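Single-structure report; data block below.
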Amino acid sequence: MKHEEEPEDDHTREVHVNSSQQLACCDDIKSSAVVKYATISMPTQFAQLQASTNLNAAPANWLRSNSEVERYVKNVQASWGRERSNFSSFSMAHCSPDLVDELDVISDSENIKKLLKIPYSKGPVSMMVHRIGKTLLLDEFDVHKHLIRQQQADWQWLRKFYYETVLQDMQEKDKCCLKKNKSRGYLQSRNMFSKFLYYSIKSNERDFIDDPEPPVLRVESPSLQVDQSTQAIPDPLPEPKQGEFQHTVLWTFEDIRMLIGTDLPIFGGGTRPCVSLRLRDANKPINILTGIDYWLDNLMCNVPELAMCYHLDGIVQNYEVLKTEDIPSMTDSNFSSTVIRDIAQNILSFLRTNATKEGHTYWLFKEADSDVVKLYDLSTLCADKMEDRNENPFTVPVGMLLYRVARNMGQRSGHKKSGTIRTLLKNCLLLLNKDQYSQVVTSANYLLSDLHVTDDIFCPDCSSSSSSSDADSDYDDENCENVNQTEVVNSGPETSVAVDTLRLPDKIKYQKNDVVRFPDVRGTTEERCLEAISYIAEGLQCLDLSVIQYKKSQEGHEEVPLRCNPLEAIPLRYEPIRKPDIPDSKSSEENKEVNKTALLEQHCDINPVMDSDLTVKKTNSLPVGTWHFLSKVLLLRKAAIAYFGLANAKYVLEKYGHALRYVKMSLHTFDAMRTLSGDRTEGHDHLLSALMGLTGDVRLMLVQHRNSLEVYREEYTYMNDHDSAIFHSADLELEGYEFQSAYEFTSNIETNLTSSLHCYQRAIDLARRNEDSPERLNTLVKRLGNVRNELGVFYMNQSAIGADQATSQVASGPSGHIKERWKMSHTCFEVGIEAFESVKDVPNMALLTSNLGRLMRLCAQSFVYYVDDEQRREFGTQEKHYFTKACEYYISALAVLQSRDRHPEIWDSVSWELSSTYFSMATLMQDYAPLSSQAQEEVEREVTDLMTKALKYCDVDTSSPRQPTCQYRAATIHHRLASLYHNSYRNQLGDQKKRHLRTLAELHYSKASHFFRLLDSHCELLRVELERVAMCEYQLAGQTSANSKQRTLQTAFGYLLNCNSSVERIKEQITEVTECVNDYSSYEEEGKKLLGILESRLQFTLLNLVKTCSACKKGKCKDQKLLEGYKKMYAASLHSEVGGDESLLAKCTHMLDILAHVGKAYRGITSDTAD
């Protein structure tokens, strides 16, 4: 504020404006004010002084502070003589960090008034300007005090710049830099105004006027929604304190929002609840500068009236009360409020256009009598004049404020302004020295890491904040035109504007040259986690360095010497010359601590200074009661979370070596964090549960991709600088490694599976204790069941390999090792089924039950005994027992599935396995019949029953990829059943029974032929037809009638003729079989053998037909024709053109030629006999 009786400015410029226009213009000015802070909650009651009151005489209460009002007035008076600090705007910003980046200006009210009076005053202007976001911080800079009168080294760099650049004429420096007015008249006027204020204080209750209405001034206390995630990190900055100004006001002037500090004394009472008091000499008129002061003071504090007390030589004459909007039209003080508005908008546009670099210090300077205002970027222009950036006294305050604003912004908005927060924190780190301000640097790095990786990234129930969805608010106003280059001169770090242009409306347009911002935190999880890891590493390095420096500073303190008690004898300590070699139990621990000390110092690039007289202390014990402890806990926890995100990302990309390495880092940092915090129970169960689950996944994948283990090993051993720094920092807090077995790389399958099993089990236990969501718990239980299945399959395969390696087994059965593997496999499958059953996972229950059936089949195979020459013994009781149990498990699996409709693929698979088990059991009983313990008929009956069951579960009708296999299996079963009935038919004595067996055999031969023909299995089809011929031949041997023999032979002959198509297909497939069949020689041998049998059976059948027809009654022409025809066919069958070593192709060609001649002849005689 401008104090009363202040000398008029010699550089006043008069502006002549029509008064009526002033009032109209004043009505258009929009101004509002909200008090953010005030030393007194309501306006002070005042008493209007009586005329002739002598202000030269001190009142009785002068300079007293007995009451709140007196203290208020005394503080206002004290603020007049107290010089403002160079960082008053920073103090206000620290007290209201939520407003930084939201407002346009933060400054002392005197600075604002001085800027708005530039076109009216020829006096100098000197202010330091800093920018944070869209907010400009303005502080007065006394050139005379700091650069001319003071010769200390703190402003030497700026002094050098000032003399070399700003002042062209060294002799004019005192003229350019006017001193502050401290004349005797000024001090007397200020003293008189002080007495006036004390006189104006109400001294008794009867003079007070009750006013129930609330005062105009109010204090705003906004409620902030604070994000709890950033509250955990200790705040390195002290709690800001108000008090440099009597009022801190949020002032909105047109579209300009400002936070200003003011000491304007505000009074109220009677019919005027809120007025500002002024004391004026009645003989001196009020000039424009004083009028602007009065008007702006009232606008800034939202005071509606001005009470002017006039005096002559200190004797009160009278009062004049003016409304605030009437001040611009006072006599001798006419000015336009719209011009002031234009000045404000132009100056703000000029500063926002040119002061764009966050963290830079700008100097707004105008010399006395100069027509140009200049803006210097001191951070750029004086870079070569400063040996260290900290020589600029504003560097550290700016960095601290950047940190506080970023922290507050993160607490209020979370990650919605991640780009702005990241920019603020990065600029903070650029300005602050990590050695001197290690706590702030550590905290800033933690906040940066928290921007990239949120704590809920490991929580499957929470949506991971992978990137900020809301962009930062735009600091630009509306699209503006380019700056007029004739009035604003842009010259890089030095810009200027003509004073005359500041008064012109909209003369300086704001260019979109805003603060450069980092984009919002976006990208993949891997990218964000890697970025967070870099900040965590920097934070831990800074913290560990600070711990070392702190401990060395503590060790450097001299200890208070102990005083001896004269009443006690001094103990004499004797030691033997020869000391026994007693192992020191603490030596290993001390060695470990020494190694940790060296590791920490090497990690922090410090040369250790060791004193032989000092005892090496435990370096991983962080100073108690300091910020280091909680900060390191939080950094380690954030590292564990970030590495979890990386491990999960690599797991999705199937890079399991990298995934296991990041799991190792995550568990290592988690172990250190938990050890340091002492919370080893429930404090971090959610994170540990997620880590254990992911570790189990990775170990399981190593087993399933075992062919790439060497690649994974190389990925696992890789470690960059950030990983190494974090690992070593965490290692300082550990005595042992609790989770080493979980993350240690190994190629052993059993170890990986067992480790995965233990990880899943621990994750489930933690999830249940934490009462996690049912979905997550069910997922973990399913994974546990899956690894149980994998482990069961592994033990089952191990036992199978062991059984295969035992070439000959004794009657005692499999070895104990193999049986133990069976038990382990069986247990794994059963426990896995229980796990899946608990979550009602029907498909996996069926699959594991099916695996139990497979295990039983393997057990059955292990009880196969051999005799000399690897001759297999008959089907034993143990084999039958385990095959039966296998069938029971398969049936149980089908019962779990209930029907094929729900899970067709699993149903088909289990059905096939059950059919195969029945078929294998039937085949073994048929081929190696247990005749020593069962009768032949009982064996055949059991084989038949098993074959029938195998057919039941062999689905030949459903179209599926397995349908051809099922059809081949059905054909094989029918063939075997037909052969079984065929064999029983041969051995049966009863005619009725034999006819039944022959019918059954013929039925199954027919079905087998049908399926083999569908599958183009012509070798098998040929064998079936030949067996049917063989059955006809056996039937022929028991017949006596010529006619019956002839019918049987004709039936057999028909079967033989049907072989023609099979032989043709065999010939066509010879080339394909040569390429596809590995053992072609055995296939060729089998084909030649069948063709040989076909040829011999054809000759035998034709010969017997000739004999049968010859034995019939002669004389019939029809019989004679048949006889002649059979003779010709028999003769054709005896024709041979190749030797005994012919190939299969030649054999097929020869056989087809025979069948062609025979068939042609047969068709001839059948047509003749039909006629």
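Note on naming: chains are A, B, ... as they come in the structure tokens, residues start from 1 per chain, ligands start from 1 in the order shown.
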| query | Residues at most 10 Å from Leu1103 in chain A, counting only C-alpha atoms, excluding those fewer than 2 positions away in the same chain, as a VMD selection string? | reply | chain A and resid 1049 1097 to 1101 1105 to 1108 1126 to 1127 1129 to 1131 1133
| CA of Met947 in chain A to CA of Leu1026 in chain A, distance in Å rounded to a single decimal | 22.2 Å
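Nearest-residue note for Ser1017 in chain A: choosing from A:Arg407, A:Arg184, A:Arg969, A:Arg900, the minimum distance belongs to A:Arg969, counting only C-alpha atoms.
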Quick one: residues within 9 Å of Leu1152 in chain A, only C-alpha atoms counted, chain neighbours fewer than 6 positions away excluded, as a PDB file with N, CA and C atoms, in the first residue's frame?
ATOM      1  N   ASN A1060     -10.269-108.947 -55.913  1.00  0.00           N
ATOM      2  CA  ASN A1060      -9.714-108.284 -57.085  1.00  0.00           C
ATOM      3  C   ASN A1060      -9.553-106.781 -56.840  1.00  0.00           C
ATOM      4  N   VAL A1063      -6.626-106.049 -54.460  1.00  0.00           N
ATOM      5  CA  VAL A1063      -5.318-106.176 -55.108  1.00  0.00           C
ATOM      6  C   VAL A1063      -5.044-104.970 -55.992  1.00  0.00           C
ATOM      7  N   GLU A1064      -6.070-104.511 -56.705  1.00  0.00           N
ATOM      8  CA  GLU A1064      -5.885-103.318 -57.536  1.00  0.00           C
ATOM      9  C   GLU A1064      -5.468-102.114 -56.697  1.00  0.00           C
TER      10      GLU A1064
END
| field | Within 10 Å of Ser52 in chain A using only C-alpha atoms, minus same-chain residues under 5 positions, as a list in words | value | His311, Leu312, Gly314, Ile315, Val316, Gln317 and Asn318 of chain A
| message | To test your reading of the structure, identify every residue in range 900-1011 of chain A that backbone DSSP assigns to alpha helix (DSSP H), and report it as a ChimeraX atom specification. | response | /A:904-927,936-952,963-987,991-1011
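Within the 6 Å cut-off around range 973-987 of chain A, using only C-alpha atoms and omitting residues fewer than 6 positions from it on the same chain, the listed residues are Lys994, Leu997, Ala1001, His1004, Tyr1005 and Ala1008 of chain A.
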Please provide as a PDB file with C-alpha atoms, in the first residue's frame all residues within 10 Å of Ser892 in chain A, with the sequence filter that same-chain residues fewer than 3 positions apart are discarded (counting only C-alpha atoms).
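So the final result, stored in out33.pdb, reads:
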ATOM      1  CA  MET A 845     -11.646 -83.014 -13.140  1.00  0.00           C
ATOM      2  CA  ALA A 846     -12.391 -85.335 -16.036  1.00  0.00           C
ATOM      3  CA  THR A 849      -9.349 -88.677 -13.670  1.00  0.00           C
ATOM      4  CA  SER A 850      -8.467 -89.814 -17.169  1.00  0.00           C
ATOM      5  CA  GLY A 853      -6.637 -94.248 -15.772  1.00  0.00           C
ATOM      6  CA  ALA A 886      -8.018 -97.871 -15.330  1.00  0.00           C
ATOM      7  CA  CYS A 887     -11.447 -98.606 -16.815  1.00  0.00           C
ATOM      8  CA  GLU A 888     -13.085 -97.532 -13.570  1.00  0.00           C
ATOM      9  CA  TYR A 889     -11.267 -94.199 -13.655  1.00  0.00           C
ATOM     10  CA  ALA A 895     -19.646 -89.689 -15.227  1.00  0.00           C
ATOM     11  CA  VAL A 896     -18.148 -86.319 -14.271  1.00  0.00           C
ATOM     12  CA  LEU A 897     -18.787 -85.003 -17.782  1.00  0.00           C
ATOM     13  CA  GLN A 898     -22.324 -86.512 -17.759  1.00  0.00           C
ATOM     14  CA  VAL A 910     -11.908 -90.106 -22.550  1.00  0.00           C
TER      15      VAL A 910
END
| message | Residues within 12 Å of Ala639 in chain A, please, as a ChimeraX atom specification. Count only C-alpha atoms; anything in the same chain fewer than 5 positions from it doesn't count. | response | /A:445-446,449-450,452-455,529-540,632-634,644-647,662-673,687,722-723,725-727,729-730
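Between CA of Asp955 in chain A and CA of Leu1003 in chain A there is a distance of 19.3 Å.
Counting only C-alpha atoms, the residue from A:Thr331, A:Gln541, A:Thr44, A:Pro505 that sits nearest to Cys274 in chain A is A:Thr44.
Considering the residues A:Glu830, A:Ser1009, A:Thr324, A:Glu654 and counting only C-alpha atoms, Gln704 in chain A has its shortest atom-to-atom contact with A:Glu654.
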| request: Work out how far apart CA of Ala57 in chain A and CA of Tyr310 in chain A are and give it in Å to one decimal. | output: 16.4 Å
